[in-house]
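Encoded as structure tokens, the structure appears first; notes follow it.
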Amino acid sequence: MEESAGLPHAGISTIFGLLEVLDDISGREDIFKLARSLNYELDDLLPVMEAAEILGFVQLEEGDITMTALGKEIVEADVDGRKHLLKRRLMCRPIFTEIVAILRDRRDNRQSRGFFLELFEDHFSPEESERQLNTVLDWGRYAELLGYNPDTEELYLSEEE
Amino acid sequence: MSLLELKEVTKSYQFEDTEVTVLEKISFVVEPREFVCLVGPSGCGKSTLLKMVTGLSAPTAGRFLYRGREITGINREAAMVFQSFALFPWLTVRQNVALGLEALGLPKPEYERKADYYIDKVGLDGQEEAYPRELSGGMKQRVGLARALTVEPELLCMDEPFSALDALTATNLREEVIDLWQDKTLPLKAILMVTHSIEEAVFMADKIIVMSTRPGRVTKEIEVPLTRPRNMKEEAFMQVTDEIYSLIVSRAEESKGEAI
């Protein structure tokens with residue numbers, strides 16, 4: 001897996017919530033002020049901001065967080081628009097392109113959860129590997145890029161892929 | 001005609017030899033296309049009130065009218081969304097959402113089709129097979145919403161639906177609920193929401209019913225004169241919120257004065 005730093009652990013709802021808050025204040029705020037105004041510990045807000053940044057929705061610079069044009073676009077989109085935009089952004093992340101490539105390689109486009117956990121465990125502890133995969137699934141499922149069957153414990157590609 | 005009308009609704013419980021009145025002479029209306037918030041401190045009977053609106057319990061005195069007719073038994077035009085999501089952990093998203101329709105006796109292909117439609121509406125498309133334990137709080141509440149919307153209610157009752165969510169997820173879900181309410185393709189007409197947050201009420205509601213506690217009484221009915229989309233950071237928004245706070249505080253001080 002290329003992304004040895006791993007994904008920041010933030011659910012998709014918190015990322016959208018952050019963008020909506022920023023949209024309300026014209027797209028830019030000092031990071032400390034933002035945390036205070038949300039009654040958030042900075043430690044808890046950081047992963048959400050980092051997630052938004054790696055997805056291209058905000059920029060973090062000199063203590064400020066600024067919404068990008070893409071961030072504005074996704075916050076104004078409807079549910080389908082958000083999924084579409086998110087899917088495009090996920091396909092720019094090595095972790096997702098690798099997983100998609102692995103699944104495409106399989107005849108039925110399916111692969112076990114255990115397989116991916118083992119790959120993650122080359123870079124992360126077993127606990128962190130689980131968390132990484134959960135974040136991948138939180139984002140990937142919402143974007144309708146990936147599917148996960150909890151009964152068979154298999155990841156699969158969403159139909160359109 | 002109002003969609004929902006409460007006329008002097010009172011609810012009391014017999015507790016050993018005393019009678020405890022939880023709600024006293026509650027009267028208000030919900031019009032079609034109205035978003036009404038009930039705001040009040042814990043213990044003012046807001047949740048009890050919602051239960052009676054859905055027909056899950058009956059008042060001790062007073063009447064509930066839905067479209068002018070007395071509610072007796074389960075109100076089929078209303079559906080509920082809960083603070084703690086109330087999902088069955090052994091059922092998938094689709095099974096949880098379809099439960100109400102299945103219970104109504106709809107054939108499987110039909111209830112699955114309807115469930116999938118509303119699962120898509122709330123953004124859970126692609127997660128129908130997931131179990132609640134795999135989902136974040138925000139996703140779980142989307143399931144709760146889909147489940148309520150699937151029975152195609154005219155009136156959505158929500159009991160502190162965002163209180164169990166972190167601030168950012170709550171922000172996200174609030175906007176999505178407003179979008180669903182404004183979606184003209186849905187039969188949903190009105191929403192009655194209980195919250196303890198004044199900001200949340202000012203963000204969501206056309207009308208706020210302020211309640212006092214022990215017993216729960218309506219102390220004030222306030223129209224929210226803000227256009228949508230609303231912005232919690234705007235001057236006008238903060239002004240309305242401040243006004244409501246003052247009304248509640250001055251009212252509380254008056255009652256203290258009365259008690260002396």
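Labels for the structure tokens follow display order: chains A, B, ..., residues from 1 in each chain, ligands from 1.
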
List every residue of range 27-219 of chain B that DSSP, applied to the backbone of this structure, assigns to strand (DSSP E or B), and report them as a PyMOL selection string.
chain B and resi 27-30+35-39+61-66+69-70+78-81+155-159+190-195+207-212+216-219

Which of chain A fall in alpha helix (DSSP H), as a ChimeraX atom specification:
/A:12-24,31-37,42-54,69-76,79-90,94-105,113-120,126-142

Residues just named, written with C-alpha atoms as a PDB file, in the first residue's frame:
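selection.pdb written:
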```pdb
ATOM      1  CA  ILE A  12     -18.076  11.429   5.846  1.00  0.00           C
ATOM      2  CA  SER A  13     -20.851  13.191   7.790  1.00  0.00           C
ATOM      3  CA  THR A  14     -18.322  15.101   9.872  1.00  0.00           C
ATOM      4  CA  ILE A  15     -16.486  16.170   6.715  1.00  0.00           C
ATOM      5  CA  PHE A  16     -19.698  17.507   5.164  1.00  0.00           C
ATOM      6  CA  GLY A  17     -20.595  19.144   8.472  1.00  0.00           C
ATOM      7  CA  LEU A  18     -17.226  20.928   8.506  1.00  0.00           C
ATOM      8  CA  LEU A  19     -17.779  22.211   4.975  1.00  0.00           C
ATOM      9  CA  GLU A  20     -21.245  23.433   5.875  1.00  0.00           C
ATOM     10  CA  VAL A  21     -19.897  25.297   8.893  1.00  0.00           C
ATOM     11  CA  LEU A  22     -17.182  26.895   6.750  1.00  0.00           C
ATOM     12  CA  ASP A  23     -19.743  27.817   4.112  1.00  0.00           C
ATOM     13  CA  ASP A  24     -21.694  29.704   6.767  1.00  0.00           C
ATOM     14  CA  ILE A  31      -8.324  26.793  13.091  1.00  0.00           C
ATOM     15  CA  PHE A  32      -8.281  27.510  16.833  1.00  0.00           C
ATOM     16  CA  LYS A  33     -11.276  29.827  16.580  1.00  0.00           C
ATOM     17  CA  LEU A  34     -13.157  27.215  14.621  1.00  0.00           C
ATOM     18  CA  ALA A  35     -12.485  24.500  17.192  1.00  0.00           C
ATOM     19  CA  ARG A  36     -13.597  26.826  19.991  1.00  0.00           C
ATOM     20  CA  SER A  37     -16.767  27.882  18.201  1.00  0.00           C
ATOM     21  CA  LEU A  42      -8.474  20.604  18.462  1.00  0.00           C
ATOM     22  CA  ASP A  43      -7.341  16.966  18.568  1.00  0.00           C
ATOM     23  CA  ASP A  44     -10.821  15.877  17.526  1.00  0.00           C
ATOM     24  CA  LEU A  45     -11.181  18.489  14.803  1.00  0.00           C
ATOM     25  CA  LEU A  46      -7.781  17.841  13.249  1.00  0.00           C
ATOM     26  CA  PRO A  47      -8.620  14.496  11.572  1.00  0.00           C
ATOM     27  CA  VAL A  48     -11.768  16.007  10.060  1.00  0.00           C
ATOM     28  CA  MET A  49      -9.818  18.950   8.670  1.00  0.00           C
ATOM     29  CA  GLU A  50      -7.047  16.689   7.385  1.00  0.00           C
ATOM     30  CA  ALA A  51      -9.582  14.434   5.712  1.00  0.00           C
ATOM     31  CA  ALA A  52     -11.216  17.425   4.050  1.00  0.00           C
ATOM     32  CA  GLU A  53      -7.796  18.588   2.909  1.00  0.00           C
ATOM     33  CA  ILE A  54      -6.616  15.343   1.365  1.00  0.00           C
ATOM     34  CA  ALA A  69     -13.816  25.861  -5.003  1.00  0.00           C
ATOM     35  CA  LEU A  70     -14.326  22.095  -5.000  1.00  0.00           C
ATOM     36  CA  GLY A  71     -15.348  22.237  -1.357  1.00  0.00           C
ATOM     37  CA  LYS A  72     -17.900  24.906  -2.233  1.00  0.00           C
ATOM     38  CA  GLU A  73     -19.140  22.800  -5.111  1.00  0.00           C
ATOM     39  CA  ILE A  74     -19.695  19.720  -2.992  1.00  0.00           C
ATOM     40  CA  VAL A  75     -21.359  21.590  -0.147  1.00  0.00           C
ATOM     41  CA  GLU A  76     -23.868  23.076  -2.580  1.00  0.00           C
ATOM     42  CA  VAL A  79     -27.004  13.962  -2.360  1.00  0.00           C
ATOM     43  CA  ASP A  80     -26.314  12.469  -5.791  1.00  0.00           C
ATOM     44  CA  GLY A  81     -23.979  15.320  -6.701  1.00  0.00           C
ATOM     45  CA  ARG A  82     -22.012  14.814  -3.491  1.00  0.00           C
ATOM     46  CA  LYS A  83     -21.583  11.116  -4.143  1.00  0.00           C
ATOM     47  CA  HIS A  84     -20.443  11.765  -7.674  1.00  0.00           C
ATOM     48  CA  LEU A  85     -17.900  14.408  -6.649  1.00  0.00           C
ATOM     49  CA  LEU A  86     -16.636  12.324  -3.748  1.00  0.00           C
ATOM     50  CA  LYS A  87     -16.166   9.290  -5.959  1.00  0.00           C
ATOM     51  CA  ARG A  88     -14.034  11.333  -8.355  1.00  0.00           C
ATOM     52  CA  ARG A  89     -11.889  12.590  -5.495  1.00  0.00           C
ATOM     53  CA  LEU A  90     -11.466   9.119  -4.003  1.00  0.00           C
ATOM     54  CA  PRO A  94      -3.626   5.889  -3.997  1.00  0.00           C
ATOM     55  CA  ILE A  95      -5.298   3.829  -1.293  1.00  0.00           C
ATOM     56  CA  PHE A  96      -8.558   3.750  -3.227  1.00  0.00           C
ATOM     57  CA  THR A  97      -7.048   3.255  -6.688  1.00  0.00           C
ATOM     58  CA  GLU A  98      -5.060   0.313  -5.351  1.00  0.00           C
ATOM     59  CA  ILE A  99      -8.109  -1.298  -3.792  1.00  0.00           C
ATOM     60  CA  VAL A 100     -10.122  -0.772  -6.976  1.00  0.00           C
ATOM     61  CA  ALA A 101      -7.290  -2.255  -9.058  1.00  0.00           C
ATOM     62  CA  ILE A 102      -7.144  -5.312  -6.813  1.00  0.00           C
ATOM     63  CA  LEU A 103     -10.901  -5.800  -7.077  1.00  0.00           C
ATOM     64  CA  ARG A 104     -10.924  -5.293 -10.864  1.00  0.00           C
ATOM     65  CA  ASP A 105      -8.318  -8.011 -11.152  1.00  0.00           C
ATOM     66  CA  ARG A 113     -11.815  -8.192   4.098  1.00  0.00           C
ATOM     67  CA  GLY A 114      -9.024 -10.328   5.532  1.00  0.00           C
ATOM     68  CA  PHE A 115      -6.996  -9.908   2.343  1.00  0.00           C
ATOM     69  CA  PHE A 116      -7.056  -6.132   2.637  1.00  0.00           C
ATOM     70  CA  LEU A 117      -6.357  -6.206   6.354  1.00  0.00           C
ATOM     71  CA  GLU A 118      -3.213  -8.209   5.648  1.00  0.00           C
ATOM     72  CA  LEU A 119      -2.097  -5.624   3.116  1.00  0.00           C
ATOM     73  CA  PHE A 120      -2.694  -2.835   5.601  1.00  0.00           C
ATOM     74  CA  PRO A 126      -3.699  -4.832  13.410  1.00  0.00           C
ATOM     75  CA  GLU A 127      -5.913  -2.347  15.289  1.00  0.00           C
ATOM     76  CA  GLU A 128      -4.920   0.540  13.030  1.00  0.00           C
ATOM     77  CA  SER A 129      -5.428  -1.650   9.958  1.00  0.00           C
ATOM     78  CA  GLU A 130      -9.013  -2.246  11.039  1.00  0.00           C
ATOM     79  CA  ARG A 131      -9.553   1.468  11.536  1.00  0.00           C
ATOM     80  CA  GLN A 132      -8.009   2.247   8.144  1.00  0.00           C
ATOM     81  CA  LEU A 133     -10.278  -0.244   6.416  1.00  0.00           C
ATOM     82  CA  ASN A 134     -13.310   1.118   8.251  1.00  0.00           C
ATOM     83  CA  THR A 135     -12.520   4.637   7.072  1.00  0.00           C
ATOM     84  CA  VAL A 136     -11.991   3.361   3.522  1.00  0.00           C
ATOM     85  CA  LEU A 137     -15.405   1.716   3.702  1.00  0.00           C
ATOM     86  CA  ASP A 138     -17.114   4.733   5.292  1.00  0.00           C
ATOM     87  CA  TRP A 139     -15.985   6.958   2.414  1.00  0.00           C
ATOM     88  CA  GLY A 140     -16.053   4.322  -0.332  1.00  0.00           C
ATOM     89  CA  ARG A 141     -19.549   3.094   0.466  1.00  0.00           C
ATOM     90  CA  TYR A 142     -21.043   6.559   0.678  1.00  0.00           C
TER      91      TYR A 142
END
```

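Atom pair CA of Glu160 in chain B / CA of Asn75 in chain B has a distance of 20.1 Å (rounded to one decimal).
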
Taking only C-alpha atoms into account, what are the residues of chain B at most 10 Å from chain A, put as a PDB file with N, CA, C and O atoms, in the first residue's frame?
```pdb
ATOM      1  N   THR B  92     -30.346  -5.723   8.728  1.00  0.00           N
ATOM      2  CA  THR B  92     -29.571  -4.842   7.856  1.00  0.00           C
ATOM      3  C   THR B  92     -30.291  -3.503   7.712  1.00  0.00           C
ATOM      4  O   THR B  92     -31.432  -3.346   8.145  1.00  0.00           O
ATOM      5  N   ASP B 120     -32.186   5.480  -0.845  1.00  0.00           N
ATOM      6  CA  ASP B 120     -31.496   6.319  -1.810  1.00  0.00           C
ATOM      7  C   ASP B 120     -31.688   7.797  -1.488  1.00  0.00           C
ATOM      8  O   ASP B 120     -30.759   8.598  -1.540  1.00  0.00           O
ATOM      9  N   LYS B 121     -32.907   8.162  -1.114  1.00  0.00           N
ATOM     10  CA  LYS B 121     -33.236   9.559  -0.788  1.00  0.00           C
ATOM     11  C   LYS B 121     -32.362  10.121   0.333  1.00  0.00           C
ATOM     12  O   LYS B 121     -32.006  11.288   0.335  1.00  0.00           O
ATOM     13  N   VAL B 122     -32.071   9.272   1.318  1.00  0.00           N
ATOM     14  CA  VAL B 122     -31.273   9.773   2.451  1.00  0.00           C
ATOM     15  C   VAL B 122     -29.776   9.587   2.228  1.00  0.00           C
ATOM     16  O   VAL B 122     -28.973   9.903   3.092  1.00  0.00           O
ATOM     17  N   GLY B 123     -29.404   9.048   1.056  1.00  0.00           N
ATOM     18  CA  GLY B 123     -27.988   8.932   0.729  1.00  0.00           C
ATOM     19  C   GLY B 123     -27.332   7.623   1.142  1.00  0.00           C
ATOM     20  O   GLY B 123     -26.111   7.501   1.115  1.00  0.00           O
ATOM     21  N   LEU B 124     -28.147   6.644   1.508  1.00  0.00           N
ATOM     22  CA  LEU B 124     -27.561   5.376   1.948  1.00  0.00           C
ATOM     23  C   LEU B 124     -27.490   4.327   0.850  1.00  0.00           C
ATOM     24  O   LEU B 124     -27.204   3.155   1.125  1.00  0.00           O
ATOM     25  N   ASP B 125     -27.748   4.725  -0.379  1.00  0.00           N
ATOM     26  CA  ASP B 125     -27.651   3.817  -1.510  1.00  0.00           C
ATOM     27  C   ASP B 125     -26.266   3.170  -1.509  1.00  0.00           C
ATOM     28  O   ASP B 125     -25.259   3.862  -1.378  1.00  0.00           O
ATOM     29  N   GLY B 126     -26.215   1.856  -1.644  1.00  0.00           N
ATOM     30  CA  GLY B 126     -24.929   1.158  -1.617  1.00  0.00           C
ATOM     31  C   GLY B 126     -24.638   0.572  -0.250  1.00  0.00           C
ATOM     32  O   GLY B 126     -23.680  -0.175  -0.079  1.00  0.00           O
ATOM     33  N   GLN B 127     -25.472   0.915   0.750  1.00  0.00           N
ATOM     34  CA  GLN B 127     -25.220   0.409   2.103  1.00  0.00           C
ATOM     35  C   GLN B 127     -26.405  -0.385   2.637  1.00  0.00           C
ATOM     36  O   GLN B 127     -26.520  -0.587   3.849  1.00  0.00           O
ATOM     37  N   GLU B 128     -27.271  -0.824   1.734  1.00  0.00           N
ATOM     38  CA  GLU B 128     -28.507  -1.508   2.144  1.00  0.00           C
ATOM     39  C   GLU B 128     -28.239  -2.763   2.965  1.00  0.00           C
ATOM     40  O   GLU B 128     -29.061  -3.151   3.791  1.00  0.00           O
ATOM     41  N   GLU B 129     -27.117  -3.411   2.694  1.00  0.00           N
ATOM     42  CA  GLU B 129     -26.841  -4.696   3.342  1.00  0.00           C
ATOM     43  C   GLU B 129     -26.056  -4.547   4.638  1.00  0.00           C
ATOM     44  O   GLU B 129     -25.781  -5.531   5.315  1.00  0.00           O
ATOM     45  N   ALA B 130     -25.660  -3.316   4.953  1.00  0.00           N
ATOM     46  CA  ALA B 130     -24.843  -3.100   6.150  1.00  0.00           C
ATOM     47  C   ALA B 130     -25.670  -3.317   7.407  1.00  0.00           C
ATOM     48  O   ALA B 130     -26.888  -3.113   7.416  1.00  0.00           O
ATOM     49  N   TYR B 131     -24.988  -3.714   8.470  1.00  0.00           N
ATOM     50  CA  TYR B 131     -25.621  -3.777   9.784  1.00  0.00           C
ATOM     51  C   TYR B 131     -25.323  -2.477  10.520  1.00  0.00           C
ATOM     52  O   TYR B 131     -24.299  -1.845  10.289  1.00  0.00           O
ATOM     53  N   GLU B 134     -21.843  -1.296  11.693  1.00  0.00           N
ATOM     54  CA  GLU B 134     -20.812  -0.861  10.748  1.00  0.00           C
ATOM     55  C   GLU B 134     -20.913   0.630  10.448  1.00  0.00           C
ATOM     56  O   GLU B 134     -20.049   1.189   9.769  1.00  0.00           O
ATOM     57  N   LEU B 135     -21.982   1.254  10.907  1.00  0.00           N
ATOM     58  CA  LEU B 135     -22.273   2.621  10.486  1.00  0.00           C
ATOM     59  C   LEU B 135     -21.936   3.654  11.541  1.00  0.00           C
ATOM     60  O   LEU B 135     -22.054   3.401  12.745  1.00  0.00           O
ATOM     61  N   SER B 136     -21.564   4.845  11.074  1.00  0.00           N
ATOM     62  CA  SER B 136     -21.351   5.967  11.979  1.00  0.00           C
ATOM     63  C   SER B 136     -22.714   6.444  12.484  1.00  0.00           C
ATOM     64  O   SER B 136     -23.762   6.068  11.948  1.00  0.00           O
ATOM     65  N   GLY B 137     -22.672   7.294  13.517  1.00  0.00           N
ATOM     66  CA  GLY B 137     -23.917   7.831  14.078  1.00  0.00           C
ATOM     67  C   GLY B 137     -24.768   8.529  13.039  1.00  0.00           C
ATOM     68  O   GLY B 137     -25.987   8.356  12.982  1.00  0.00           O
ATOM     69  N   GLY B 138     -24.114   9.306  12.195  1.00  0.00           N
ATOM     70  CA  GLY B 138     -24.844  10.036  11.159  1.00  0.00           C
ATOM     71  C   GLY B 138     -25.535   9.095  10.182  1.00  0.00           C
ATOM     72  O   GLY B 138     -26.676   9.321   9.780  1.00  0.00           O
ATOM     73  N   MET B 139     -24.850   8.023   9.825  1.00  0.00           N
ATOM     74  CA  MET B 139     -25.446   7.048   8.906  1.00  0.00           C
ATOM     75  C   MET B 139     -26.604   6.309   9.585  1.00  0.00           C
ATOM     76  O   MET B 139     -27.629   6.049   8.970  1.00  0.00           O
ATOM     77  N   LEU B 165     -25.510  13.005  18.220  1.00  0.00           N
ATOM     78  CA  LEU B 165     -24.498  13.146  17.177  1.00  0.00           C
ATOM     79  C   LEU B 165     -23.508  14.240  17.547  1.00  0.00           C
ATOM     80  O   LEU B 165     -23.867  15.206  18.227  1.00  0.00           O
ATOM     81  N   ASP B 166     -22.266  14.121  17.062  1.00  0.00           N
ATOM     82  CA  ASP B 166     -21.300  15.198  17.282  1.00  0.00           C
ATOM     83  C   ASP B 166     -21.746  16.437  16.505  1.00  0.00           C
ATOM     84  O   ASP B 166     -22.546  16.341  15.583  1.00  0.00           O
ATOM     85  N   ALA B 167     -21.187  17.583  16.891  1.00  0.00           N
ATOM     86  CA  ALA B 167     -21.647  18.864  16.344  1.00  0.00           C
ATOM     87  C   ALA B 167     -21.583  18.933  14.815  1.00  0.00           C
ATOM     88  O   ALA B 167     -22.482  19.475  14.173  1.00  0.00           O
ATOM     89  N   LEU B 168     -20.528  18.391  14.232  1.00  0.00           N
ATOM     90  CA  LEU B 168     -20.391  18.483  12.772  1.00  0.00           C
ATOM     91  C   LEU B 168     -21.393  17.574  12.065  1.00  0.00           C
ATOM     92  O   LEU B 168     -22.011  17.971  11.083  1.00  0.00           O
ATOM     93  N   THR B 169     -21.550  16.349  12.565  1.00  0.00           N
ATOM     94  CA  THR B 169     -22.528  15.440  11.970  1.00  0.00           C
ATOM     95  C   THR B 169     -23.929  16.013  12.121  1.00  0.00           C
ATOM     96  O   THR B 169     -24.746  15.933  11.192  1.00  0.00           O
ATOM     97  N   ALA B 170     -24.208  16.614  13.268  1.00  0.00           N
ATOM     98  CA  ALA B 170     -25.520  17.226  13.493  1.00  0.00           C
ATOM     99  C   ALA B 170     -25.764  18.333  12.466  1.00  0.00           C
ATOM    100  O   ALA B 170     -26.861  18.448  11.905  1.00  0.00           O
ATOM    101  N   THR B 171     -24.746  19.149  12.213  1.00  0.00           N
ATOM    102  CA  THR B 171     -24.858  20.215  11.210  1.00  0.00           C
ATOM    103  C   THR B 171     -25.230  19.620   9.856  1.00  0.00           C
ATOM    104  O   THR B 171     -26.125  20.103   9.165  1.00  0.00           O
ATOM    105  N   ASN B 172     -24.534  18.560   9.484  1.00  0.00           N
ATOM    106  CA  ASN B 172     -24.777  17.875   8.213  1.00  0.00           C
ATOM    107  C   ASN B 172     -26.210  17.348   8.148  1.00  0.00           C
ATOM    108  O   ASN B 172     -26.948  17.589   7.188  1.00  0.00           O
ATOM    109  N   LEU B 173     -26.625  16.616   9.177  1.00  0.00           N
ATOM    110  CA  LEU B 173     -27.947  15.984   9.171  1.00  0.00           C
ATOM    111  C   LEU B 173     -29.075  17.005   9.209  1.00  0.00           C
ATOM    112  O   LEU B 173     -30.116  16.813   8.574  1.00  0.00           O
ATOM    113  N   ARG B 174     -28.893  18.099   9.922  1.00  0.00           N
ATOM    114  CA  ARG B 174     -29.926  19.139   9.972  1.00  0.00           C
ATOM    115  C   ARG B 174     -30.234  19.647   8.578  1.00  0.00           C
ATOM    116  O   ARG B 174     -31.399  19.783   8.185  1.00  0.00           O
ATOM    117  N   GLU B 175     -29.173  19.913   7.827  1.00  0.00           N
ATOM    118  CA  GLU B 175     -29.367  20.407   6.466  1.00  0.00           C
ATOM    119  C   GLU B 175     -30.097  19.364   5.619  1.00  0.00           C
ATOM    120  O   GLU B 175     -30.967  19.696   4.818  1.00  0.00           O
ATOM    121  N   GLU B 176     -29.723  18.103   5.804  1.00  0.00           N
ATOM    122  CA  GLU B 176     -30.340  17.047   4.993  1.00  0.00           C
ATOM    123  C   GLU B 176     -31.817  16.886   5.336  1.00  0.00           C
ATOM    124  O   GLU B 176     -32.639  16.625   4.448  1.00  0.00           O
ATOM    125  N   ASP B 179     -33.661  19.627   3.597  1.00  0.00           N
ATOM    126  CA  ASP B 179     -33.773  19.296   2.173  1.00  0.00           C
ATOM    127  C   ASP B 179     -34.895  18.292   1.929  1.00  0.00           C
ATOM    128  O   ASP B 179     -35.656  18.422   0.984  1.00  0.00           O
ATOM    129  N   ARG B 230     -31.054  29.126   6.087  1.00  0.00           N
ATOM    130  CA  ARG B 230     -30.660  29.896   7.257  1.00  0.00           C
ATOM    131  C   ARG B 230     -29.200  29.659   7.597  1.00  0.00           C
ATOM    132  O   ARG B 230     -28.630  28.625   7.277  1.00  0.00           O
ATOM    133  N   ASN B 231     -28.606  30.649   8.212  1.00  0.00           N
ATOM    134  CA  ASN B 231     -27.195  30.616   8.534  1.00  0.00           C
ATOM    135  C   ASN B 231     -27.023  31.017   9.991  1.00  0.00           C
ATOM    136  O   ASN B 231     -27.308  32.144  10.380  1.00  0.00           O
ATOM    137  N   MET B 232     -26.518  30.051  10.805  1.00  0.00           N
ATOM    138  CA  MET B 232     -26.393  30.301  12.243  1.00  0.00           C
ATOM    139  C   MET B 232     -25.425  31.429  12.569  1.00  0.00           C
ATOM    140  O   MET B 232     -25.422  31.940  13.684  1.00  0.00           O
ATOM    141  N   LYS B 233     -24.573  31.787  11.596  1.00  0.00           N
ATOM    142  CA  LYS B 233     -23.578  32.817  11.871  1.00  0.00           C
ATOM    143  C   LYS B 233     -24.018  34.210  11.450  1.00  0.00           C
ATOM    144  O   LYS B 233     -23.307  35.172  11.628  1.00  0.00           O
ATOM    145  N   GLU B 234     -25.209  34.287  10.861  1.00  0.00           N
ATOM    146  CA  GLU B 234     -25.650  35.597  10.401  1.00  0.00           C
ATOM    147  C   GLU B 234     -26.226  36.419  11.538  1.00  0.00           C
ATOM    148  O   GLU B 234     -26.837  35.871  12.468  1.00  0.00           O
TER     149      GLU B 234
END
```

So that I can check the surroundings of Pro41 in chain B, please list as a ChimeraX atom specification every protein, DNA and RNA residue that reaches within 10 Å of it, counting only C-alpha atoms and ignoring chain neighbours fewer than 4 positions away.
/B:45-46,195-197,210-214,216

Quick one: write out the picked residues with N, CA and C atoms as a short mmCIF file (atom, residue, chain, number, x, y, z; two decimals), in the first residue's frame?
```
data_model
loop_
_atom_site.label_atom_id
_atom_site.label_comp_id
_atom_site.auth_asym_id
_atom_site.auth_seq_id
_atom_site.Cartn_x
_atom_site.Cartn_y
_atom_site.Cartn_z
N GLY B 45 -41.87 17.01 29.43
CA GLY B 45 -42.90 16.18 28.81
C GLY B 45 -42.92 16.21 27.30
N LYS B 46 -41.87 16.74 26.67
CA LYS B 46 -41.87 16.87 25.22
C LYS B 46 -41.97 15.51 24.53
N THR B 195 -36.57 19.52 20.67
CA THR B 195 -35.15 19.79 20.89
C THR B 195 -34.96 20.58 22.17
N HIS B 196 -33.77 20.45 22.76
CA HIS B 196 -33.48 21.30 23.92
C HIS B 196 -32.59 22.47 23.50
N SER B 197 -32.27 22.52 22.21
CA SER B 197 -31.37 23.57 21.72
C SER B 197 -32.13 24.67 21.01
N VAL B 210 -42.41 27.11 23.09
CA VAL B 210 -41.54 27.05 24.25
C VAL B 210 -42.31 26.44 25.42
N MET B 211 -41.72 25.46 26.05
CA MET B 211 -42.40 24.80 27.16
C MET B 211 -41.64 24.97 28.47
N SER B 212 -42.40 25.06 29.54
CA SER B 212 -41.79 25.08 30.87
C SER B 212 -41.89 23.67 31.42
N THR B 213 -41.34 23.46 32.58
CA THR B 213 -41.29 22.10 33.11
C THR B 213 -41.98 21.96 34.45
N ARG B 214 -42.40 20.76 34.75
CA ARG B 214 -43.01 20.39 36.03
C ARG B 214 -44.13 21.29 36.49
N GLY B 216 -45.29 20.35 32.39
CA GLY B 216 -45.01 20.95 31.10
C GLY B 216 -46.18 21.79 30.65
#
```

Which residues come within 8 Å of Ser47 in chain B, counting only C-alpha atoms, excluding same-chain residues fewer than 4 positions away, as a ChimeraX atom specification?
/B:51,159,194

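Residues in contact range of Leu6 in chain B, defined as at most 10 Å between only C-alpha atoms, with sequence neighbours fewer than 4 positions away removed, read Thr10, Lys25, Ile26, Ser27, Phe28, Val29, Val30, Leu49, Val53, Gly62, Arg63, Phe64, Leu65, Tyr66 and Glu70 of chain B.
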
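Shortest separation to Met91 in chain A among A:Ala5, A:Leu55, A:Glu154, A:Glu62 occurs at residue A:Leu55, atoms counted being only C-alpha atoms.
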
If you count only C-alpha atoms, which residues fall within 8 Å of Met1 in chain B, apart from same-chain ones fewer than 3 positions away, as a PyMOL selection string?
chain B and resi 31+67-68
